[in-house]
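One file, data29.txt, is given below (compact mmCIF, C-alpha atoms).
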```txt
# COMPACT_ATOMS: atom_id res chain seq x y z
CA MET A 23 44.47 127.35 87.20
CA SER A 24 45.91 126.47 90.58
CA THR A 25 49.49 127.48 91.28
CA VAL A 26 49.97 124.30 93.31
CA LEU A 27 51.37 121.32 91.45
CA LYS A 28 50.13 117.92 92.48
CA GLN A 29 52.92 115.44 93.21
CA SER A 30 51.59 113.09 90.52
CA THR A 31 52.03 115.70 87.79
CA ILE A 32 55.75 116.32 88.31
CA VAL A 33 57.69 115.68 85.13
CA PHE A 34 61.46 116.01 84.78
CA ARG A 35 63.11 116.81 81.45
CA PRO A 36 66.52 117.98 80.32
CA MET A 37 66.92 121.75 80.16
CA SER A 38 67.36 123.30 76.74
CA GLU A 39 67.76 126.83 75.36
CA VAL A 40 64.01 126.84 74.56
CA TYR A 41 63.20 127.10 78.28
CA LEU A 42 65.84 129.63 79.32
CA GLU A 43 63.39 132.56 79.29
CA GLN A 44 61.25 130.79 81.92
CA VAL A 45 64.33 129.70 83.86
CA ILE A 46 65.67 133.27 83.98
CA ALA A 47 62.28 134.58 85.12
CA ILE A 48 62.32 132.12 88.05
CA GLU A 49 65.99 132.83 88.82
CA GLU A 50 65.36 136.59 88.95
CA ALA A 51 62.21 136.18 91.07
CA VAL A 52 64.02 134.05 93.67
CA TYR A 53 67.55 135.38 93.92
CA GLU A 54 68.71 138.88 94.75
CA PHE A 55 71.89 138.15 92.75
CA PRO A 56 70.67 135.86 89.94
CA TRP A 57 72.72 133.96 87.40
CA SER A 58 72.84 135.51 83.94
CA ILE A 59 71.46 133.80 80.87
CA GLY A 60 75.09 133.40 79.78
CA THR A 61 75.84 131.34 82.88
CA PHE A 62 72.95 128.99 82.08
CA GLN A 63 74.11 128.76 78.46
CA ASP A 64 77.64 127.94 79.64
CA CYS A 65 76.28 125.13 81.86
CA LEU A 66 74.36 123.68 78.91
CA SER A 67 77.41 123.97 76.63
CA ALA A 68 79.65 122.33 79.22
CA GLY A 69 77.35 119.32 79.33
CA TYR A 70 76.36 119.71 82.97
CA CYS A 71 73.28 117.87 84.20
CA CYS A 72 70.69 120.61 83.64
CA TRP A 73 67.13 119.54 84.44
CA LEU A 74 63.70 121.14 84.57
CA MET A 75 60.63 120.12 86.50
CA GLY A 76 57.06 121.07 85.73
CA GLN A 77 54.18 120.10 83.54
CA ASP A 78 53.47 120.65 79.84
CA ASP A 79 55.61 123.61 78.75
CA CYS A 80 55.51 125.34 82.15
CA VAL A 81 58.72 125.30 84.20
CA SER A 82 58.22 125.00 87.97
CA GLY A 83 61.86 124.60 88.95
CA TYR A 84 65.29 123.50 87.83
CA GLY A 85 68.52 121.97 88.99
CA ILE A 86 72.05 122.15 87.63
CA MET A 87 74.80 119.77 88.65
CA SER A 88 78.29 118.90 87.48
CA VAL A 89 79.65 115.38 87.83
CA LEU A 90 83.36 114.69 87.49
CA ALA A 91 85.80 112.15 88.92
CA GLY A 92 83.24 110.55 91.22
CA GLU A 93 81.99 113.84 92.66
CA ALA A 94 78.67 115.54 91.98
CA HIS A 95 78.31 119.24 92.72
CA ILE A 96 74.91 120.94 92.80
CA LEU A 97 75.46 124.38 91.32
CA ASN A 98 71.89 125.69 91.34
CA LEU A 99 68.53 124.37 92.55
CA CYS A 100 65.55 126.68 92.36
CA ILE A 101 61.76 126.46 92.61
CA LYS A 102 59.30 129.09 91.39
CA PRO A 103 58.39 131.32 94.38
CA ASP A 104 54.63 130.59 94.36
CA LEU A 105 55.34 126.84 94.33
CA GLN A 106 57.84 126.74 97.20
CA ASN A 107 57.04 124.89 100.45
CA ASN A 108 55.18 122.14 98.57
CA GLY A 109 57.95 119.53 98.49
CA LEU A 110 59.15 120.42 95.00
CA GLY A 111 62.65 121.39 96.16
CA LYS A 112 63.01 117.94 97.75
CA GLU A 113 61.71 116.31 94.54
CA MET A 114 64.31 118.14 92.45
CA LEU A 115 67.05 117.32 94.96
CA ASP A 116 66.07 113.62 94.91
CA HIS A 117 66.16 113.68 91.10
CA LEU A 118 69.67 115.15 91.12
CA ILE A 119 70.81 112.58 93.69
CA ASP A 120 69.46 109.77 91.49
CA LEU A 121 71.25 111.25 88.45
CA ALA A 122 74.50 111.56 90.39
CA LYS A 123 74.28 107.87 91.33
CA LEU A 124 73.61 106.97 87.67
CA HIS A 125 76.80 108.89 86.82
CA HIS A 126 78.67 106.81 89.44
CA ALA A 127 79.32 109.72 91.81
CA ASP A 128 80.42 108.65 95.27
CA VAL A 129 79.74 111.96 96.98
CA MET A 130 77.64 115.06 96.34
CA PHE A 131 78.58 118.61 97.37
CA LEU A 132 76.81 121.95 97.38
CA GLU A 133 77.15 125.43 98.81
CA VAL A 134 74.27 127.17 100.56
CA ARG A 135 73.85 130.48 102.32
CA PRO A 136 73.58 130.08 106.12
CA SER A 137 70.61 132.47 105.90
CA ASN A 138 68.72 130.09 103.57
CA ARG A 139 67.07 128.14 106.37
CA GLN A 140 64.44 126.59 104.10
CA ALA A 141 67.11 125.00 101.88
CA LEU A 142 69.19 123.94 104.89
CA LYS A 143 66.21 121.99 106.28
CA ILE A 144 65.72 120.16 102.98
CA TYR A 145 69.41 119.28 102.70
CA GLU A 146 69.61 118.13 106.32
CA LYS A 147 66.55 115.88 105.91
CA SER A 148 68.16 114.44 102.78
CA GLY A 149 71.30 113.38 104.65
CA PHE A 150 73.70 116.23 103.88
CA ASP A 151 76.26 117.20 106.50
CA GLU A 152 78.23 120.41 106.89
CA VAL A 153 81.85 119.78 105.92
CA GLY A 154 83.23 123.31 105.70
CA SER A 155 82.61 126.89 104.68
CA ARG A 156 83.72 129.40 102.06
CA LYS A 157 84.35 132.91 103.36
CA ASP A 158 82.65 135.75 101.46
CA TYR A 159 81.37 133.33 98.79
CA TYR A 160 78.04 135.00 97.94
CA PRO A 161 77.31 138.60 97.06
CA ALA A 162 75.00 140.21 99.59
CA LYS A 163 73.13 143.47 99.91
CA PHE A 164 75.81 144.78 102.25
CA GLY A 165 79.09 143.11 101.32
CA ARG A 166 79.43 139.33 101.09
CA GLU A 167 77.97 136.25 102.79
CA ASP A 168 79.80 133.06 103.62
CA ALA A 169 78.70 129.71 102.17
CA LEU A 170 78.27 126.49 104.06
CA ILE A 171 79.69 123.49 102.20
CA LEU A 172 77.46 120.45 102.55
CA ALA A 173 78.19 116.89 101.45
CA LYS A 174 76.28 113.64 101.15
CA GLN A 175 77.90 110.24 100.72
CA LEU A 176 76.14 108.45 97.84
CA THR A 177 77.86 105.07 98.01
CA ASP A 178 78.91 102.74 100.77
CA HIS A 179 82.60 101.96 100.63
CA LEU A 180 83.99 98.94 102.33
CA LEU A 181 87.49 99.37 103.62
CA VAL A 182 89.67 96.43 102.67
CA ASN A 183 92.91 95.77 104.55
CA HIS A 184 95.70 94.54 102.30
```
Rendering of file as structure tokens:
Amino acid sequence: MSTVLKQSTIVFRPMSEVYLEQVIAIEEAVYEFPWSIGTFQDCLSAGYCCWLMGQDDCVSGYGIMSVLAGEAHILNLCIKPDLQNNGLGKEMLDHLIDLAKLHHADVMFLEVRPSNRQALKIYEKSGFDEVGSRKDYYPAKFGREDALILAKQLTDHLLVNH
């Protein structure tokens, strides 16, 4: 079986506890400081938008986003290592953007490591702009790494003079 997913076979479905073993395996393969299973369970319990992508019962990637008071915040977006660089990260991002719009979010935020150049390219191509930074946000091998805060306007607002 090929490890490359064809674009036509991408299926999105809500994340559930049943898939957490696969999600954790991907998380641990990609990140040096992965989320715990408890963090994923907390996101599910909180009612965050937790989505999987893949085919059949095989998880290829996932995205987790909170939406509150007109703001969407991507908390985690991850693609299985052997499937990266095939457009799947962009597909998951586009899915989360569509969901945020369905939830009437006006703006979407996320944090990303400055060293994650692959993710930065995807976000830039998708219309995200740097709006700030968070000092020492991420754990790193030697100390901490800052986070870039990116934002994307999801709605067009017309200014009305009263």
What's around His117 in chain A at 9 Å? Count only C-alpha atoms, leave out sequence neighbours fewer than 4 positions away in its own chain, and write the answer as a PyMOL selection string.
chain A and resi 34+73+85+112-113+121-122
Would you list the residues near (80.2, 133.8, 101.7), meaning any protein, DNA or RNA residue with an atom at most 10 Å from that point in file coordinates, counting all atoms listed in the file, as a PyMOL selection string?
chain A and resi 133-136+155-162+165-170
Looking at only C-alpha atoms, which of A:Thr61, A:Pro56, A:Glu50, A:Cys80 is the one that sits closest to Thr31 in chain A?
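For Thr31 in chain A, the nearest of the candidates is A:Cys80.
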Enter the distance from CA of Ser148 in chain A to CA of Gly111 in chain A, in Å, rounded to one decimal.
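Computing it gives 11.1 Å between the two atoms.
Comparing A:Ala173, A:Ile59, A:Cys65, A:Val81 by their smallest distance to Gly149 in chain A, the closest is A:Ala173 (using all atoms listed in the file).
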Which residue of A:Ala68, A:Cys100, A:Leu176, A:Ala47 approaches Asp128 in chain A most closely, using all atoms listed in the file:
A:Leu176
Counting all atoms listed in the file, note down every residue that has an atom within 9 Å of the point (80.2, 112.6, 92.6) (file coordinates), as a count of residues only.
19
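Across the structure, CA of Val153 in chain A and CA of Leu115 in chain A are spaced 18.6 Å apart.
With distances restricted to all atoms listed in the file, A:Met75 is the closest residue to Ile101 in chain A from A:Phe150, A:Met75, A:Phe164, A:Ser67.
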If we count only C-alpha atoms, what is near Ile86 in chain A at a cut-off of 8 Å, once residues fewer than 5 positions away on the same chain are taken out, given as a PyMOL selection string?
chain A and resi 65+70-73+96-99
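One distance worth recording is that between CA of Gly109 in chain A and CA of Ile171 in chain A, which is 22.4 Å.
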Return the padded bounding box of range 91-108 of chain A as JSON: axis-aligned, built from all atoms listed in the file, 4 Å added on each side, with centre and edge lengths in Å to one decimal.
```
{"center_x": 70.2, "center_y": 120.9, "center_z": 94.7, "size_x": 39.2, "size_y": 28.8, "size_z": 19.5}
```
Restricting the calculation to all atoms listed in the file, which member of A:Phe55, A:Phe62, A:Tyr145, A:Tyr84 is positioned closest to Lys102 in chain A?
A:Tyr84
Go through A:Met37, A:Leu132, A:Ile32, A:Leu74 and flag the residue nearest Asn108 in chain A, using only C-alpha atoms for the distances.
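When distances to Asn108 in chain A are compared using only C-alpha atoms, the smallest one comes from A:Ile32.
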